[in-house]
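Undergrad: JSON, C-alpha atoms and all ligand atoms, saved as my_file.json, coming up:
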[["chain", "number", "residue", "atom", "x", "y", "z"],
["A", 1, "MET", "CA", -15.39, 9.30, 3.32],
["A", 2, "LYS", "CA", -14.04, 10.43, -0.08],
["A", 3, "THR", "CA", -15.33, 8.64, -3.18],
["A", 4, "SER", "CA", -11.91, 7.25, -4.02],
["A", 5, "LYS", "CA", -11.66, 5.50, -0.64],
["A", 6, "ARG", "CA", -15.15, 4.13, -1.15],
["A", 7, "ILE", "CA", -14.04, 2.20, -4.23],
["A", 8, "TYR", "CA", -11.64, -0.01, -2.27],
["A", 9, "ILE", "CA", -13.83, -0.32, 0.84],
["A", 10, "GLY", "CA", -16.87, -1.15, -1.34],
["A", 11, "LEU", "CA", -14.90, -3.78, -3.23],
["A", 12, "LEU", "CA", -13.73, -5.32, 0.05],
["A", 13, "GLY", "CA", -17.36, -5.80, 1.10],
["A", 14, "LEU", "CA", -18.40, -7.00, -2.34],
["A", 15, "SER", "CA", -15.51, -9.48, -2.49],
["A", 16, "LEU", "CA", -16.48, -10.94, 0.87],
["A", 17, "PHE", "CA", -20.09, -11.20, -0.31],
["A", 18, "LEU", "CA", -18.95, -13.10, -3.43],
["A", 19, "VAL", "CA", -16.89, -15.44, -1.25],
["A", 20, "MET", "CA", -20.03, -16.13, 0.83],
["A", 21, "LEU", "CA", -22.01, -16.84, -2.36],
["A", 22, "VAL", "CA", -19.35, -19.36, -3.46],
["A", 23, "ILE", "CA", -19.51, -21.05, -0.04],
["A", 24, "VAL", "CA", -23.32, -21.25, -0.19],
["A", 25, "LEU", "CA", -23.12, -22.61, -3.74],
["A", 26, "GLY", "CA", -20.57, -25.21, -2.63],
["A", 27, "TYR", "CA", -22.81, -26.25, 0.25],
["A", 28, "TYR", "CA", -25.81, -26.49, -2.10],
["A", 29, "LEU", "CA", -23.88, -28.72, -4.51],
["A", 30, "VAL", "CA", -22.77, -31.01, -1.71],
["A", 31, "ALA", "CA", -26.19, -31.10, -0.02],
["A", 32, "HIS", "CA", -27.85, -32.03, -3.32],
["A", 33, "ARG", "CA", -25.19, -34.64, -4.05],
["A", 34, "TYR", "CA", -23.80, -32.88, -7.15],
["A", 35, "LEU", "CA", -20.48, -32.96, -5.33],
["A", 36, "PHE", "CA", -19.26, -35.64, -2.99],
["A", 37, "VAL", "CA", -17.20, -34.52, 0.00],
["A", 38, "ASN", "CA", -16.34, -36.42, 3.15],
["A", 39, "LYS", "CA", -18.85, -35.40, 5.86],
["A", 40, "ILE", "CA", -16.24, -34.53, 8.51],
["A", 41, "LEU", "CA", -14.23, -32.57, 5.94],
["A", 42, "LEU", "CA", -17.40, -30.70, 4.98],
["A", 43, "ILE", "CA", -18.20, -29.76, 8.59],
["A", 44, "VAL", "CA", -14.60, -28.63, 9.27],
["A", 45, "GLY", "CA", -14.61, -26.65, 6.02],
["A", 46, "ILE", "CA", -17.90, -24.92, 6.80],
["A", 47, "VAL", "CA", -16.83, -24.01, 10.35],
["A", 48, "PHE", "CA", -13.47, -22.69, 9.10],
["A", 49, "MET", "CA", -14.98, -20.63, 6.28],
["A", 50, "ALA", "CA", -17.80, -19.26, 8.44],
["A", 51, "GLY", "CA", -15.17, -18.19, 11.01],
["A", 52, "ALA", "CA", -13.04, -16.55, 8.32],
["A", 53, "VAL", "CA", -16.03, -14.68, 6.83],
["A", 54, "LEU", "CA", -17.07, -13.44, 10.29],
["A", 55, "LEU", "CA", -13.52, -12.33, 11.09],
["A", 56, "PHE", "CA", -13.11, -10.49, 7.79],
["A", 57, "SER", "CA", -16.54, -8.87, 8.13],
["A", 58, "PHE", "CA", -15.48, -7.60, 11.53],
["A", 59, "GLY", "CA", -12.20, -6.35, 10.01],
["A", 60, "ILE", "CA", -14.01, -4.43, 7.25],
["A", 61, "ILE", "CA", -16.41, -2.89, 9.79],
["A", 62, "ALA", "CA", -13.39, -1.88, 11.93],
["A", 63, "LEU", "CA", -11.75, -0.26, 8.89],
["A", 64, "VAL", "CA", -14.90, 1.70, 8.03],
["A", 65, "LEU", "CA", -15.31, 2.80, 11.67],
["A", 66, "MET", "CA", -11.69, 3.98, 11.83],
["A", 67, "ILE", "CA", -12.13, 6.09, 8.69],
["A", 68, "LYS", "CA", -15.57, 7.43, 9.64],
["A", 69, "GLN", "CA", -14.52, 8.36, 13.18],
["A", 70, "SER", "CA", -11.00, 9.49, 12.13],
["A", 71, "ARG", "CA", -9.63, 7.36, 14.96],
["A", 72, "ASN", "CA", -7.19, 4.50, 14.97],
["A", 73, "ILE", "CA", -8.05, 1.37, 16.96],
["A", 74, "PRO", "CA", -4.60, -0.11, 17.79],
["A", 75, "ALA", "CA", -6.07, -3.43, 18.99],
["A", 76, "LEU", "CA", -7.50, -3.99, 15.49],
["A", 77, "ASP", "CA", -4.35, -3.03, 13.53],
["A", 78, "HIS", "CA", -3.40, -6.63, 12.85],
["A", 79, "LEU", "CA", -6.92, -7.58, 11.82],
["A", 80, "VAL", "CA", -7.18, -4.66, 9.37],
["A", 81, "LYS", "CA", -3.76, -5.62, 7.97],
["A", 82, "LEU", "CA", -4.93, -9.23, 7.57],
["A", 83, "VAL", "CA", -8.12, -8.13, 5.77],
["A", 84, "ASN", "CA", -6.03, -6.05, 3.37],
["A", 85, "GLU", "CA", -3.56, -8.85, 2.75],
["A", 86, "VAL", "CA", -6.15, -11.55, 2.11],
["A", 87, "LEU", "CA", -8.92, -9.60, 0.39],
["A", 88, "PHE", "CA", -6.80, -7.12, -1.62],
["A", 89, "PRO", "CA", -6.22, -9.57, -4.53],
["A", 90, "LEU", "CA", -9.93, -10.41, -4.50],
["A", 91, "THR", "CA", -10.87, -6.72, -4.78],
["A", 92, "LEU", "CA", -8.89, -6.58, -8.04],
["A", 93, "VAL", "CA", -10.77, -9.60, -9.41],
["A", 94, "THR", "CA", -14.13, -8.23, -8.22],
["A", 95, "GLY", "CA", -13.29, -4.82, -9.69],
["A", 96, "LYS", "CA", -12.51, -6.46, -13.02],
["A", 97, "ILE", "CA", -15.88, -8.26, -12.97],
["A", 98, "PHE", "CA", -17.63, -4.93, -12.39],
["A", 99, "GLY", "CA", -15.51, -3.06, -14.96],
["A", 100, "ILE", "CA", -13.59, -0.85, -12.52],
["A", 101, "LYS", "CA", -10.15, 0.10, -13.78],
["A", 102, "ARG", "CA", -7.27, -1.52, -11.90],
["A", 103, "GLU", "CA", -5.52, 1.86, -11.45],
["A", 104, "ARG", "CA", -8.60, 3.32, -9.71],
["A", 105, "ILE", "CA", -8.72, 0.40, -7.28],
["A", 106, "LEU", "CA", -4.99, 0.63, -6.55],
["A", 107, "LYS", "CA", -5.20, 4.41, -6.05],
["A", 108, "SER", "CA", -8.13, 3.91, -3.70],
["A", 109, "PHE", "CA", -6.22, 1.26, -1.75],
["A", 110, "ILE", "CA", -3.20, 3.60, -1.42],
["A", 111, "GLU", "CA", -5.46, 6.40, -0.22],
["A", 112, "VAL", "CA", -7.06, 4.15, 2.39],
["A", 113, "ASN", "CA", -3.62, 3.00, 3.52],
["A", 114, "ASN", "CA", -2.27, 6.58, 3.81],
["A", 115, "HIS", "CA", -5.36, 7.62, 5.75],
["A", 116, "ILE", "CA", -5.00, 4.74, 8.21],
["A", 117, "VAL", "CA", -1.28, 5.51, 8.70],
["A", 118, "GLY", "CA", -2.22, 9.16, 9.40],
["A", 119, "LEU", "CA", -4.79, 8.05, 11.99],
["A", 120, "LYS", "CA", -2.07, 6.29, 13.97],
["A", 121, "ARG", "CA", -0.70, 9.73, 14.92],
["A", 122, "LEU", "CA", 2.84, 8.41, 14.86],
["A", 123, "VAL", "CA", 5.67, 10.51, 16.19],
["A", 124, "ILE", "CA", 8.83, 9.35, 14.45],
["A", 125, "ASN", "CA", 12.15, 11.19, 14.41],
["A", 126, "ASN", "CA", 13.20, 12.21, 10.93],
["A", 127, "ASP", "CA", 16.34, 10.08, 11.09],
["A", 128, "GLN", "CA", 14.09, 7.02, 11.47],
["A", 129, "ILE", "CA", 12.08, 7.89, 8.36],
["A", 130, "MET", "CA", 13.15, 6.54, 5.00],
["A", 131, "ILE", "CA", 12.20, 7.97, 1.63],
["A", 132, "LEU", "CA", 12.33, 5.32, -1.07],
["A", 133, "LEU", "CA", 12.45, 6.65, -4.61],
["A", 134, "PRO", "CA", 12.06, 4.76, -7.85],
["A", 135, "HIS", "CA", 14.95, 4.74, -10.31],
["A", 136, "CYS", "CA", 12.72, 6.20, -13.04],
["A", 137, "LEU", "CA", 12.78, 9.62, -11.31],
["A", 138, "GLN", "CA", 16.38, 10.02, -12.47],
["A", 139, "ASN", "CA", 16.82, 11.77, -15.80],
["A", 140, "SER", "CA", 17.29, 8.98, -18.34],
["A", 141, "GLN", "CA", 20.28, 10.83, -19.88],
["A", 142, "CYS", "CA", 22.08, 11.15, -16.55],
["A", 143, "CYS", "CA", 25.31, 9.15, -16.35],
["A", 144, "HIS", "CA", 25.75, 9.27, -12.57],
["A", 145, "LYS", "CA", 25.19, 6.00, -10.72],
["A", 146, "ILE", "CA", 22.87, 7.05, -7.95],
["A", 147, "THR", "CA", 21.23, 3.72, -7.09],
["A", 148, "MET", "CA", 24.16, 2.53, -5.01],
["A", 149, "ASP", "CA", 25.01, 5.97, -3.63],
["A", 150, "ILE", "CA", 22.68, 8.94, -3.85],
["A", 151, "ASN", "CA", 25.67, 11.22, -3.19],
["A", 152, "ASN", "CA", 26.77, 10.58, -6.77],
["A", 153, "CYS", "CA", 23.95, 12.94, -7.84],
["A", 154, "ARG", "CA", 25.44, 16.31, -8.87],
["A", 155, "SER", "CA", 22.17, 18.19, -8.27],
["A", 156, "CYS", "CA", 22.30, 19.56, -11.81],
["A", 157, "GLY", "CA", 18.57, 20.32, -11.87],
["A", 158, "GLN", "CA", 17.79, 18.02, -14.80],
["A", 159, "CYS", "CA", 15.51, 15.93, -12.55],
["A", 160, "LYS", "CA", 13.97, 16.08, -9.07],
["A", 161, "ILE", "CA", 16.59, 13.81, -7.47],
["A", 162, "GLY", "CA", 18.85, 16.75, -6.57],
["A", 163, "GLU", "CA", 16.02, 18.67, -4.85],
["A", 164, "ILE", "CA", 14.83, 15.60, -2.96],
["A", 165, "LYS", "CA", 18.41, 14.88, -1.88],
["A", 166, "LYS", "CA", 18.70, 18.40, -0.46],
["A", 167, "PHE", "CA", 15.31, 18.05, 1.24],
["A", 168, "ALA", "CA", 16.36, 14.75, 2.82],
["A", 169, "GLU", "CA", 19.75, 16.13, 3.93],
["A", 170, "ASP", "CA", 18.22, 19.30, 5.41],
["A", 171, "ASN", "CA", 15.70, 17.21, 7.36],
["A", 172, "HIS", "CA", 18.04, 14.32, 8.27],
["A", 173, "ILE", "CA", 15.84, 11.78, 6.50],
["A", 174, "ILE", "CA", 17.26, 8.55, 5.09],
["A", 175, "LEU", "CA", 17.02, 8.62, 1.29],
["A", 176, "LYS", "CA", 17.39, 5.58, -0.96],
["A", 177, "ILE", "CA", 16.74, 4.81, -4.59],
["A", 178, "ALA", "CA", 15.44, 1.35, -5.35],
["A", 179, "THR", "CA", 15.38, -0.33, -8.72],
["A", 180, "GLY", "CA", 12.72, -2.77, -7.55],
["A", 181, "GLY", "CA", 10.99, -4.51, -4.68],
["A", 182, "THR", "CA", 14.00, -6.65, -3.74],
["A", 183, "MET", "CA", 16.24, -3.64, -3.34],
["A", 184, "ALA", "CA", 13.53, -1.77, -1.42],
["A", 185, "ARG", "CA", 13.17, -4.70, 1.02],
["A", 186, "LYS", "CA", 16.97, -4.80, 1.40],
["A", 187, "TYR", "CA", 17.12, -1.10, 2.29],
["A", 188, "ILE", "CA", 14.31, -1.52, 4.80],
["A", 189, "SER", "CA", 15.93, -4.51, 6.50],
["A", 190, "GLU", "CA", 19.36, -2.78, 6.60],
["A", 191, "ASN", "CA", 18.17, 0.61, 7.87],
["A", 192, "ARG", "CA", 15.20, -0.54, 9.96],
["A", 193, "PRO", "CA", 13.22, 2.71, 9.54],
["A", 194, "ARG", "CA", 10.15, 3.21, 11.72],
["A", 195, "GLY", "CA", 8.30, 4.79, 8.82],
["A", 196, "VAL", "CA", 8.70, 4.65, 5.05],
["A", 197, "ILE", "CA", 7.63, 7.16, 2.42],
["A", 198, "ALA", "CA", 7.54, 5.30, -0.86],
["A", 199, "VAL", "CA", 7.31, 7.04, -4.23],
["A", 200, "ALA", "CA", 6.17, 4.85, -7.11],
["A", 201, "CYS", "CA", 3.37, 4.10, -9.55],
["A", 202, "GLU", "CA", 0.06, 2.60, -8.37],
["A", 203, "ARG", "CA", 1.13, -0.98, -9.03],
["A", 204, "ASP", "CA", 4.54, -0.82, -7.29],
["A", 205, "LEU", "CA", 3.21, 1.22, -4.39],
["A", 206, "SER", "CA", 0.37, -1.21, -3.63],
["A", 207, "ALA", "CA", 2.78, -4.15, -3.82],
["A", 208, "GLY", "CA", 5.25, -2.33, -1.55],
["A", 209, "ILE", "CA", 2.57, -1.45, 1.00],
["A", 210, "GLN", "CA", 1.41, -5.09, 1.05],
["A", 211, "ASP", "CA", 5.02, -6.22, 1.43],
["A", 212, "SER", "CA", 6.02, -3.89, 4.24],
["A", 213, "GLY", "CA", 4.83, -5.98, 7.17],
["A", 214, "MET", "CA", 4.12, -3.80, 10.19],
["A", 215, "VAL", "CA", 6.36, -0.91, 9.03],
["A", 216, "PRO", "CA", 3.97, 1.95, 8.21],
["A", 217, "VAL", "CA", 4.29, 3.12, 4.62],
["A", 218, "VAL", "CA", 2.90, 6.35, 3.19],
["A", 219, "GLY", "CA", 2.56, 6.07, -0.57],
["A", 220, "VAL", "CA", 3.20, 9.02, -2.88],
["A", 221, "LEU", "CA", 2.36, 8.55, -6.55],
["A", 222, "ASN", "CA", 4.85, 9.70, -9.13],
["A", 223, "CYS", "CA", 3.59, 11.30, -12.31],
["A", 224, "PHE", "CA", 4.30, 10.22, -15.84],
["A", 225, "THR", "CA", 5.17, 13.20, -17.99],
["A", 226, "LYS", "CA", 6.97, 11.18, -20.69],
["A", 227, "GLY", "CA", 5.22, 7.83, -20.36],
["A", 228, "PRO", "CA", 5.54, 5.16, -17.69],
["A", 229, "CYS", "CA", 8.87, 4.20, -16.10],
["A", 230, "VAL", "CA", 11.00, 6.91, -17.74],
["A", 231, "ASP", "CA", 11.78, 10.46, -16.59],
["A", 232, "THR", "CA", 8.93, 10.43, -14.09],
["A", 233, "ASP", "CA", 8.25, 13.27, -11.68],
["A", 234, "VAL", "CA", 6.97, 13.75, -8.14],
["A", 235, "ASP", "CA", 5.40, 16.66, -6.31],
["A", 236, "LEU", "CA", 7.76, 17.77, -3.50],
["A", 237, "ASN", "CA", 4.80, 19.15, -1.52],
["A", 238, "LEU", "CA", 3.38, 15.63, -1.32],
["A", 239, "LEU", "CA", 6.70, 14.37, 0.07],
["A", 240, "GLU", "CA", 6.70, 17.13, 2.69],
["A", 241, "SER", "CA", 3.12, 16.26, 3.73],
["A", 242, "ALA", "CA", 4.08, 12.59, 3.93],
["A", 243, "VAL", "CA", 6.89, 13.48, 6.37],
["A", 244, "LEU", "CA", 4.38, 15.42, 8.49],
["A", 245, "THR", "CA", 2.20, 12.29, 8.64],
["A", 246, "PHE", "CA", 5.02, 10.66, 10.54],
["A", 247, "ASN", "CA", 6.25, 13.39, 12.83],
["A", 248, "LYS", "CA", 3.17, 15.39, 13.58],
["A", 249, "GLY", "CA", 0.71, 12.56, 13.87],
["A", 250, "GLY", "CA", -1.08, 13.32, 10.59],
["A", 301, "LIG", "S1", 19.78, 15.93, -10.54],
["A", 301, "LIG", "FE1", 21.20, 15.78, -12.30],
["A", 301, "LIG", "S2", 22.92, 14.60, -11.51],
["A", 301, "LIG", "FE2", 21.24, 14.29, -10.10],
["A", 301, "LIG", "S3", 20.27, 12.42, -10.83],
["A", 301, "LIG", "FE3", 19.16, 14.14, -11.75],
["A", 301, "LIG", "S4", 20.15, 14.41, -13.74],
["A", 301, "LIG", "FE4", 21.52, 13.15, -12.51]]
Can I see the file as structure tokens?
TA:
Amino acid sequence: MKTSKRIYIGLLGLSLFLVMLVIVLGYYLVAHRYLFVNKILLIVGIVFMAGAVLLFSFGIIALVLMIKQSRNIPALDHLVKLVNEVLFPLTLVTGKIFGIKRERILKSFIEVNNHIVGLKRLVINNDQIMILLPHCLQNSQCCHKITMDINNCRSCGQCKIGEIKKFAEDNHIILKIATGGTMARKYISENRPRGVIAVACERDLSAGIQDSGMVPVVGVLNCFTKGPCVDTDVDLNLLESAVLTFNKGG
């Protein structure tokens, strides 16, 4: 397992451990009458939380096993998704406590996600794959309105949009430019792709992956050559590899 994946997986385990500590502390306070809680409520609470901790522990173990053995376990897909959804915000808090930069955690999460999507060995036709680009890839001086219709791009070479448009056309891939999460969700619900390749920064990509439901998303980070959110760039080779994740089974 690469170090960067370890950051997120380690924080998942650590977050769950901290949750257990809080539960034990809560129980201690109640048992020693520092806190007063209805007895039935206490028992229900303990049973519920113990069940949740067990379930999430199992989910984290399943995730580690999948990565270690380079094998997807379809029966545990939903559980792994649930672990990510519930514990992901906690990993950010835990990371902050331990002084780990937010970007490193998000990058690690994206890498884990991409790896898991690759393990599914999906075979998706190109016309069922959607590439979602952020608006900031467009040259900030460009006057063509490409968010509503990518065909308005004149492929002038001033930014990567023209090249990506040609790549998508040549490979019959759906290409959309989203100005934010709402627009991205709209494109996904209108086009119903079976796989999404999303290009964005760490923050938007992690949010998009969390938001995507059961649609597999491969995240590709854009690079900031002139600062964040303006005239950003993306490596076309990474986009091509992301497409292969979907139609050659990773
Ligand atoms: S390639 Fe040229 S026309 Fe197309 S979006 Fe970029 S700057 Fe505008």
Undergrad: Ranking A:Leu42, A:Ile161, A:Leu16, A:Ile177 by minimum distance to ligand LIG 301 (chain A) and counting all atoms listed in the file, which one comes first?
TA: A:Ile161
Undergrad: Find the distance between CA of Leu92 in chain A and CA of Met130 in chain A and write it in Å to one decimal.
TA: 28.8 Å
Undergrad: Which chains and residue numbers are within 12 Å of ligand LIG 301 (chain A), counting only C-alpha atoms and all ligand atoms, if I want them as a count of residues only?
TA: 37
Undergrad: Which neighbours of range 49-51 of chain A fall inside 8 Å, counting all atoms listed in the file, when residues of the same chain fewer than 4 positions from it are skipped, and could you give them as number ranges by chain?
TA: A: 23, 45, 55
Undergrad: Measure the distance from CA of Gly13 in chain A to CA of Ala198 in chain A in Å and round it to one decimal.
TA: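 Separation between CA of Gly13 in chain A and CA of Ala198 in chain A: 27.3 Å.
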Undergrad: Quick one: residues within 12 Å of Leu18 in chain A, all atoms listed in the file, excluding same-chain residues fewer than 3 positions away - as a PyMOL selection string?
TA: chain A and resi 11-15+21-25+53+87+90-91+93-95+97
Undergrad: Compare A:Asn126, A:Asn114, A:Thr245, A:Asn222 by their minimum atom-to-atom distance to Phe167 in chain A, counting all atoms listed in the file, and give me the closest one.
TA: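 The shortest atom-to-atom distance to Phe167 in chain A comes from A:Asn126.
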Undergrad: Quick one: distance from CA of Lys5 in chain A to CA of Phe109 in chain A in Å, one decimal?
TA: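 Between CA of Lys5 in chain A and CA of Phe109 in chain A the gap works out to 7.0 Å.
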Undergrad: Choose the residue, out of A:Cys223, A:Ser206, A:Val234, A:Asp211, that has the smallest atom-to-atom separation from Glu111 in chain A; count only C-alpha atoms.
TA: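 Under the stated criterion, the closest residue is A:Ser206.
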Undergrad: Give me the residues near Arg192 in chain A as number ranges by chain, where near means some atom within 10 Å (using only C-alpha atoms) and where sequence neighbours in that chain fewer than 6 positions away do not count.
TA: A: 128-130, 186, 215
Undergrad: Produce a table with one row for each residue of range 168-239 of chain A that has an atom at most 12 Å from any atom of range 69-78 of chain A, each row naming the nearest atom pair and its distance in Å at one decimal; use all atoms listed in the file; arrange rows by chain and rising residue number; format as JSON lines.
TA:
{"residue": "A:Gly213", "atom": "CA", "partner": "A:His78", "partner_atom": "CA", "distance": 10.0}
{"residue": "A:Met214", "atom": "CA", "partner": "A:His78", "partner_atom": "CA", "distance": 8.5}
{"residue": "A:Val215", "atom": "CA", "partner": "A:Asp77", "partner_atom": "CA", "distance": 11.8}
{"residue": "A:Pro216", "atom": "CA", "partner": "A:Asp77", "partner_atom": "CA", "distance": 11.1}
Undergrad: Suppose we keep C-alpha atoms; can you now write the selection as a PDB file, keeping the file's coordinate frame?
TA:
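Below you can see part_10.pdb, which holds the result:
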ATOM      1  CA  GLY A 213       4.830  -5.980   7.170  1.00  0.00           C
ATOM      2  CA  MET A 214       4.120  -3.800  10.190  1.00  0.00           C
ATOM      3  CA  VAL A 215       6.360  -0.910   9.030  1.00  0.00           C
ATOM      4  CA  PRO A 216       3.970   1.950   8.210  1.00  0.00           C
TER       5      PRO A 216
END
Undergrad: Which of these residues is nearest to Ser4 in chain A, using only C-alpha atoms: A:Ser57, A:Asn84, A:Asn237, A:Ser108?
TA: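 Using only C-alpha atoms, Ser4 in chain A sits closest to A:Ser108.
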Undergrad: With distances taken over all atoms listed in the file, which residue among A:Val64, A:Ile173, A:Val112, A:Leu132 lies nearest Val196 in chain A?
TA: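 Distance minimum relative to Val196 in chain A lands on A:Leu132.
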Undergrad: Counting all atoms listed in the file, figure out which residue out of A:Ala62, A:Pro89, A:Tyr27, A:His32 gets nearest to Ile46 in chain A.
TA: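 Among the listed residues, A:Tyr27 lies closest to Ile46 in chain A.
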Undergrad: Give me the residues within 9 Å of Glu103 in chain A as a PyMOL selection string, counting all atoms listed in the file and dropping any in the same chain fewer than 4 places off.
TA: chain A and resi 107-108+202-203
Undergrad: With all atoms listed in the file counted, which protein, DNA or RNA residues have an atom no more than 7 Å from (-0.6, 6.8, -0.1) in the file frame? Please answer as a PyMOL selection string.
TA: chain A and resi 110-111+113-114+218-220
Undergrad: Each side padded by 4 Å, which centre and which edge lengths in Å (one decimal) define the axis-aligned box around the listed atoms of range 156-171 of chain A? Give them as lines of an AutoDock Vina configuration file.
TA:
center_x = 18.1
center_y = 17.1
center_z = -3.7
size_x = 16.3
size_y = 14.5
size_z = 30.2
Undergrad: Please write as a ChimeraX atom specification the list of polymer residues whose atoms come within 6 Å of (7.1, 11.8, 18.3), counting all atoms listed in the file and keeping to the coordinates of the file.
TA: /A:123-124,247
Undergrad: Output requested as a CSV table (one decimal), keeping the file's coordinate frame - range 174-185 of chain A, filled out with N, CA and C atoms.
TA:
chain,number,residue,atom,x,y,z
A,174,ILE,N,16.5,9.5,5.9
A,174,ILE,CA,17.3,8.6,5.1
A,174,ILE,C,16.7,8.6,3.7
A,175,LEU,N,17.5,8.6,2.7
A,175,LEU,CA,17.0,8.6,1.3
A,175,LEU,C,17.7,7.5,0.5
A,176,LYS,N,16.9,6.7,-0.1
A,176,LYS,CA,17.4,5.6,-1.0
A,176,LYS,C,16.7,5.5,-2.3
A,177,ILE,N,17.4,5.0,-3.3
A,177,ILE,CA,16.7,4.8,-4.6
A,177,ILE,C,16.7,3.3,-4.9
A,178,ALA,N,15.6,2.8,-5.1
A,178,ALA,CA,15.4,1.4,-5.4
A,178,ALA,C,15.1,1.1,-6.8
A,179,THR,N,15.7,0.0,-7.3
A,179,THR,CA,15.4,-0.3,-8.7
A,179,THR,C,14.2,-1.3,-8.8
A,180,GLY,N,13.8,-1.8,-7.6
A,180,GLY,CA,12.7,-2.8,-7.6
A,180,GLY,C,12.4,-3.2,-6.1
A,181,GLY,N,11.5,-4.1,-6.0
A,181,GLY,CA,11.0,-4.5,-4.7
A,181,GLY,C,12.1,-5.2,-3.8
A,182,THR,N,13.0,-5.9,-4.5
A,182,THR,CA,14.0,-6.6,-3.7
A,182,THR,C,14.9,-5.7,-3.1
A,183,MET,N,15.3,-4.6,-3.9
A,183,MET,CA,16.2,-3.6,-3.3
A,183,MET,C,15.5,-2.8,-2.2
A,184,ALA,N,14.3,-2.5,-2.4
A,184,ALA,CA,13.5,-1.8,-1.4
A,184,ALA,C,13.5,-2.6,-0.1
A,185,ARG,N,13.2,-3.9,-0.2
A,185,ARG,CA,13.2,-4.7,1.0
A,185,ARG,C,14.5,-4.7,1.7
